[in-house]
Amino acid sequence: MSAIKLHVIKPSVNNMTARVFIRAAKLDFTEDDVYGKTRTDDFLAKNPAHLTPMMEAADLPKGVVWESCAIMQYLCNKHHLDRFYPTDPARRAMVDSAMFYIVGTLYPYIARSTYGALGFPHYPGEVGASDATPAEKEKAQKAAVAAVGETLEVFRKFYLDGKTFIGGDHPSIADIRLASSLEFLNAVDYKFPEWAKTYMSAVEKSLGDAYAEPAGDVEGYISYVKSQKK
């Protein structure tokens, strides 16, 4: 029996992040697809936030932890995976800064850009979840897509700054979170700049099957959604 159990919803890039990492780190784990099960009494008893990915591990104070970045940070700390999450305070600060910038700034733009196309519910308070007209919703979606471009430039100029990865010569947990997040933009046929295409290809090549397998689930879902609109 594995000491780590990962509960996931496979079409999600948030879940993809944890799925890629745990494979790339070559940790012993089992994976449970909880699509349609996150509101059950059993799941809510463990995780009242009903969020995925969720990891079960016996040594956690509550037995579980959710949020992809927290899962990666915990596993790196526990298993001394410095190649993904450097222990040097200055280098770690850069990885943390990039990762939190993804979660706090870039990903909300990606969600506003793509959730409608993916058939995902918008967050309460967003234009997409309001009684706004279709034209107003489309205008908000296009504004979010435009904001993605400006935010990506921050990664090119600051976090990458000529390096192959945010982590340097090897993908860090911030790189896994960034590359996974960008996968959703294919739902709206986002025109990635050439450097971003090169970057995503480098992450996938470096991580190999650890990246390709979870990415395939996301890409398959996007292809399915697009096929239903034809």
# chains A, B, ... in the order shown; residues from 1 in each chain; ligands from 1

$ select_by_dssp --residues "stretch 52-228 of chain A" --states "alpha helix (DSSP H)" --output "ChimeraX atom specification"
/A:68-79,89-101,107-118,134-154,173-182,194-207,209-228

$ residues_around --residues "A:Lys46" --least-positions-apart "4" --cutoff "12 Å" --atoms "only C-alpha atoms" --output "PDB file with N, CA, C and O atoms, in the first residue's frame"
ATOM      1  N   HIS A   7      -6.005  12.261  -4.923  1.00  0.00           N
ATOM      2  CA  HIS A   7      -7.370  12.323  -5.444  1.00  0.00           C
ATOM      3  C   HIS A   7      -7.419  13.427  -6.494  1.00  0.00           C
ATOM      4  O   HIS A   7      -7.076  14.585  -6.190  1.00  0.00           O
ATOM      5  N   THR A  38     -16.719  14.823  -5.223  1.00  0.00           N
ATOM      6  CA  THR A  38     -16.136  15.759  -4.260  1.00  0.00           C
ATOM      7  C   THR A  38     -17.162  16.372  -3.306  1.00  0.00           C
ATOM      8  O   THR A  38     -16.773  17.038  -2.342  1.00  0.00           O
ATOM      9  N   ARG A  39     -18.435  16.158  -3.569  1.00  0.00           N
ATOM     10  CA  ARG A  39     -19.471  16.670  -2.659  1.00  0.00           C
ATOM     11  C   ARG A  39     -20.094  15.551  -1.810  1.00  0.00           C
ATOM     12  O   ARG A  39     -21.081  15.780  -1.126  1.00  0.00           O
ATOM     13  N   THR A  40     -19.514  14.366  -1.877  1.00  0.00           N
ATOM     14  CA  THR A  40     -20.032  13.265  -1.071  1.00  0.00           C
ATOM     15  C   THR A  40     -19.661  13.475   0.394  1.00  0.00           C
ATOM     16  O   THR A  40     -18.702  14.190   0.720  1.00  0.00           O
ATOM     17  N   ASP A  41     -20.395  12.839   1.274  1.00  0.00           N
ATOM     18  CA  ASP A  41     -20.138  12.986   2.714  1.00  0.00           C
ATOM     19  C   ASP A  41     -18.726  12.542   3.066  1.00  0.00           C
ATOM     20  O   ASP A  41     -18.048  13.176   3.886  1.00  0.00           O
ATOM     21  N   ASP A  42     -18.276  11.454   2.450  1.00  0.00           N
ATOM     22  CA  ASP A  42     -16.953  10.926   2.762  1.00  0.00           C
ATOM     23  C   ASP A  42     -15.858  11.911   2.373  1.00  0.00           C
ATOM     24  O   ASP A  42     -14.922  12.162   3.133  1.00  0.00           O
ATOM     25  N   HIS A  50     -13.893  20.825  -0.586  1.00  0.00           N
ATOM     26  CA  HIS A  50     -14.241  19.991  -1.752  1.00  0.00           C
ATOM     27  C   HIS A  50     -13.373  20.303  -2.981  1.00  0.00           C
ATOM     28  O   HIS A  50     -13.852  20.336  -4.115  1.00  0.00           O
ATOM     29  N   LEU A  51     -12.087  20.547  -2.741  1.00  0.00           N
ATOM     30  CA  LEU A  51     -11.182  20.886  -3.833  1.00  0.00           C
ATOM     31  C   LEU A  51     -10.257  19.718  -4.180  1.00  0.00           C
ATOM     32  O   LEU A  51      -9.921  18.889  -3.335  1.00  0.00           O
ATOM     33  N   THR A  52      -9.849  19.709  -5.442  1.00  0.00           N
ATOM     34  CA  THR A  52      -8.814  18.789  -5.891  1.00  0.00           C
ATOM     35  C   THR A  52      -7.735  19.609  -6.597  1.00  0.00           C
ATOM     36  O   THR A  52      -8.015  20.715  -7.064  1.00  0.00           O
ATOM     37  N   MET A  54      -6.280  16.599  -4.049  1.00  0.00           N
ATOM     38  CA  MET A  54      -6.144  16.383  -2.616  1.00  0.00           C
ATOM     39  C   MET A  54      -5.238  15.177  -2.405  1.00  0.00           C
ATOM     40  O   MET A  54      -5.382  14.175  -3.095  1.00  0.00           O
ATOM     41  N   MET A  55      -4.313  15.317  -1.498  1.00  0.00           N
ATOM     42  CA  MET A  55      -3.394  14.225  -1.186  1.00  0.00           C
ATOM     43  C   MET A  55      -3.636  13.730   0.227  1.00  0.00           C
ATOM     44  O   MET A  55      -3.742  14.533   1.160  1.00  0.00           O
ATOM     45  N   GLU A  56      -3.718  12.431   0.378  1.00  0.00           N
ATOM     46  CA  GLU A  56      -3.775  11.805   1.693  1.00  0.00           C
ATOM     47  C   GLU A  56      -2.387  11.278   2.045  1.00  0.00           C
ATOM     48  O   GLU A  56      -1.744  10.620   1.232  1.00  0.00           O
ATOM     49  N   ALA A  57      -1.953  11.564   3.250  1.00  0.00           N
ATOM     50  CA  ALA A  57      -0.686  11.032   3.759  1.00  0.00           C
ATOM     51  C   ALA A  57      -0.799  10.947   5.271  1.00  0.00           C
ATOM     52  O   ALA A  57      -1.258  11.893   5.923  1.00  0.00           O
ATOM     53  N   PRO A  61      -1.034  16.521   9.656  1.00  0.00           N
ATOM     54  CA  PRO A  61      -1.819  16.763  10.873  1.00  0.00           C
ATOM     55  C   PRO A  61      -3.298  16.421  10.725  1.00  0.00           C
ATOM     56  O   PRO A  61      -3.919  15.908  11.652  1.00  0.00           O
ATOM     57  N   LYS A  62      -3.871  16.705   9.560  1.00  0.00           N
ATOM     58  CA  LYS A  62      -5.278  16.401   9.298  1.00  0.00           C
ATOM     59  C   LYS A  62      -5.449  15.198   8.376  1.00  0.00           C
ATOM     60  O   LYS A  62      -6.566  14.866   7.977  1.00  0.00           O
ATOM     61  N   GLY A  63      -4.334  14.590   8.002  1.00  0.00           N
ATOM     62  CA  GLY A  63      -4.397  13.425   7.130  1.00  0.00           C
ATOM     63  C   GLY A  63      -4.466  13.741   5.656  1.00  0.00           C
ATOM     64  O   GLY A  63      -4.251  12.870   4.817  1.00  0.00           O
ATOM     65  N   VAL A  64      -4.770  15.012   5.320  1.00  0.00           N
ATOM     66  CA  VAL A  64      -4.883  15.409   3.921  1.00  0.00           C
ATOM     67  C   VAL A  64      -4.335  16.824   3.747  1.00  0.00           C
ATOM     68  O   VAL A  64      -4.244  17.599   4.698  1.00  0.00           O
ATOM     69  N   VAL A  65      -4.001  17.131   2.505  1.00  0.00           N
ATOM     70  CA  VAL A  65      -3.682  18.503   2.119  1.00  0.00           C
ATOM     71  C   VAL A  65      -4.177  18.685   0.687  1.00  0.00           C
ATOM     72  O   VAL A  65      -4.110  17.751  -0.125  1.00  0.00           O
ATOM     73  N   TRP A  66      -4.741  19.847   0.391  1.00  0.00           N
ATOM     74  CA  TRP A  66      -5.128  20.151  -0.977  1.00  0.00           C
ATOM     75  C   TRP A  66      -4.389  21.406  -1.415  1.00  0.00           C
ATOM     76  O   TRP A  66      -3.635  21.988  -0.651  1.00  0.00           O
TER      77      TRP A  66
END

$ closest_residue --among "A:Ala117, A:Ala93, A:Ile166, A:Leu27" --to "A:Ile222" --atoms "only C-alpha atoms"
A:Ala117

$ residues_around --residues "stretch 106-116 of chain A" --least-positions-apart "5" --cutoff "6 Å" --atoms "only C-alpha atoms" --output "PyMOL selection string"
chain A and resi 141+144-145

$ residues_around --residues "A:Asp169" --least-positions-apart "4" --cutoff "10 Å" --atoms "only C-alpha atoms" --output "ChimeraX atom specification"
/A:83,163-165,206

$ residues_around --residues "A:Thr151" --least-positions-apart "3" --cutoff "8 Å" --atoms "only C-alpha atoms" --output "PyMOL selection string"
chain A and resi 105-106+147-148+154-155

$ residues_around --residues "A:Thr87" --least-positions-apart "3" --cutoff "12 Å" --atoms "only C-alpha atoms" --output "PDB file with C-alpha atoms, in the first residue's frame"
ATOM      1  CA  GLN A  73       6.113  21.978  -1.494  1.00  0.00           C
ATOM      2  CA  CYS A  76       9.801  18.354  -1.796  1.00  0.00           C
ATOM      3  CA  ASN A  77      10.441  19.221   1.834  1.00  0.00           C
ATOM      4  CA  HIS A  80      14.539  16.484   0.050  1.00  0.00           C
ATOM      5  CA  LEU A  81      13.794  17.048  -3.641  1.00  0.00           C
ATOM      6  CA  ASP A  82      16.073  20.047  -4.016  1.00  0.00           C
ATOM      7  CA  ARG A  83      16.206  19.793  -7.793  1.00  0.00           C
ATOM      8  CA  PHE A  84      12.529  20.791  -7.897  1.00  0.00           C
ATOM      9  CA  ALA A  90      17.312  33.226  -2.328  1.00  0.00           C
ATOM     10  CA  ARG A  91      16.684  30.659  -5.073  1.00  0.00           C
ATOM     11  CA  ARG A  92      13.653  29.300  -3.234  1.00  0.00           C
ATOM     12  CA  ALA A  93      12.241  32.814  -2.923  1.00  0.00           C
ATOM     13  CA  MET A  94      12.284  33.156  -6.710  1.00  0.00           C
ATOM     14  CA  VAL A  95      10.491  29.838  -7.187  1.00  0.00           C
ATOM     15  CA  ASP A  96       7.919  30.796  -4.551  1.00  0.00           C
ATOM     16  CA  GLY A 167      14.503  26.672 -11.770  1.00  0.00           C
ATOM     17  CA  SER A 172      11.176  23.546 -10.641  1.00  0.00           C
TER      18      SER A 172
END

$ atom_distance --atom1 "atom CA of A:Ala215" --atom2 "atom CA of A:Phe158"
26.1 Å

$ residues_around --residues "A:Ile22" --least-positions-apart "5" --cutoff "9 Å" --atoms "only C-alpha atoms" --output "PyMOL selection string"
chain A and resi 17+27-29+72+75+210

$ decode --residues "stretch 78-132 of chain A" --atoms "C-alpha atoms" --output "PDB file, in the first residue's frame"
ATOM      1  CA  LYS A  78       9.689  15.707   3.054  1.00  0.00           C
ATOM      2  CA  HIS A  79      11.755  13.890   0.432  1.00  0.00           C
ATOM      3  CA  HIS A  80      14.539  16.484   0.050  1.00  0.00           C
ATOM      4  CA  LEU A  81      13.794  17.048  -3.641  1.00  0.00           C
ATOM      5  CA  ASP A  82      16.073  20.047  -4.016  1.00  0.00           C
ATOM      6  CA  ARG A  83      16.206  19.793  -7.793  1.00  0.00           C
ATOM      7  CA  PHE A  84      12.529  20.791  -7.897  1.00  0.00           C
ATOM      8  CA  TYR A  85      12.519  23.175  -4.932  1.00  0.00           C
ATOM      9  CA  PRO A  86      15.909  24.612  -3.976  1.00  0.00           C
ATOM     10  CA  THR A  87      16.770  24.906  -0.303  1.00  0.00           C
ATOM     11  CA  ASP A  88      18.920  28.012  -0.794  1.00  0.00           C
ATOM     12  CA  PRO A  89      16.688  30.816   0.555  1.00  0.00           C
ATOM     13  CA  ALA A  90      17.312  33.226  -2.328  1.00  0.00           C
ATOM     14  CA  ARG A  91      16.684  30.659  -5.073  1.00  0.00           C
ATOM     15  CA  ARG A  92      13.653  29.300  -3.234  1.00  0.00           C
ATOM     16  CA  ALA A  93      12.241  32.814  -2.923  1.00  0.00           C
ATOM     17  CA  MET A  94      12.284  33.156  -6.710  1.00  0.00           C
ATOM     18  CA  VAL A  95      10.491  29.838  -7.187  1.00  0.00           C
ATOM     19  CA  ASP A  96       7.919  30.796  -4.551  1.00  0.00           C
ATOM     20  CA  SER A  97       7.424  34.236  -6.074  1.00  0.00           C
ATOM     21  CA  ALA A  98       6.862  32.781  -9.548  1.00  0.00           C
ATOM     22  CA  MET A  99       4.491  30.142  -8.234  1.00  0.00           C
ATOM     23  CA  PHE A 100       2.414  32.588  -6.207  1.00  0.00           C
ATOM     24  CA  TYR A 101       2.300  34.981  -9.163  1.00  0.00           C
ATOM     25  CA  ILE A 102       0.854  32.141 -11.239  1.00  0.00           C
ATOM     26  CA  VAL A 103      -1.763  31.292  -8.631  1.00  0.00           C
ATOM     27  CA  GLY A 104      -2.654  34.866  -7.691  1.00  0.00           C
ATOM     28  CA  THR A 105      -2.445  36.663 -11.038  1.00  0.00           C
ATOM     29  CA  LEU A 106      -1.937  34.497 -14.126  1.00  0.00           C
ATOM     30  CA  TYR A 107      -4.293  31.624 -13.356  1.00  0.00           C
ATOM     31  CA  PRO A 108      -7.317  33.861 -12.635  1.00  0.00           C
ATOM     32  CA  TYR A 109      -6.812  35.395 -16.090  1.00  0.00           C
ATOM     33  CA  ILE A 110      -6.560  31.916 -17.608  1.00  0.00           C
ATOM     34  CA  ALA A 111      -9.752  30.861 -15.826  1.00  0.00           C
ATOM     35  CA  ARG A 112     -11.638  33.919 -17.091  1.00  0.00           C
ATOM     36  CA  SER A 113     -10.281  33.285 -20.581  1.00  0.00           C
ATOM     37  CA  THR A 114     -11.070  29.580 -20.833  1.00  0.00           C
ATOM     38  CA  TYR A 115     -13.685  28.353 -18.366  1.00  0.00           C
ATOM     39  CA  GLY A 116     -16.579  29.317 -20.631  1.00  0.00           C
ATOM     40  CA  ALA A 117     -15.074  27.443 -23.559  1.00  0.00           C
ATOM     41  CA  LEU A 118     -14.318  24.434 -21.355  1.00  0.00           C
ATOM     42  CA  GLY A 119     -17.812  24.275 -19.901  1.00  0.00           C
ATOM     43  CA  PHE A 120     -16.515  24.901 -16.376  1.00  0.00           C
ATOM     44  CA  PRO A 121     -18.555  27.065 -13.988  1.00  0.00           C
ATOM     45  CA  HIS A 122     -17.203  30.564 -13.436  1.00  0.00           C
ATOM     46  CA  TYR A 123     -16.318  31.743  -9.951  1.00  0.00           C
ATOM     47  CA  PRO A 124     -19.022  33.684  -8.089  1.00  0.00           C
ATOM     48  CA  GLY A 125     -18.688  37.415  -8.697  1.00  0.00           C
ATOM     49  CA  GLU A 126     -17.101  36.988 -12.137  1.00  0.00           C
ATOM     50  CA  VAL A 127     -18.745  38.481 -15.216  1.00  0.00           C
ATOM     51  CA  GLY A 128     -19.121  34.994 -16.646  1.00  0.00           C
ATOM     52  CA  ALA A 129     -21.247  33.955 -13.656  1.00  0.00           C
ATOM     53  CA  SER A 130     -23.404  37.096 -13.750  1.00  0.00           C
ATOM     54  CA  ASP A 131     -26.546  38.149 -15.610  1.00  0.00           C
ATOM     55  CA  ALA A 132     -24.450  40.172 -18.055  1.00  0.00           C
TER      56      ALA A 132
END
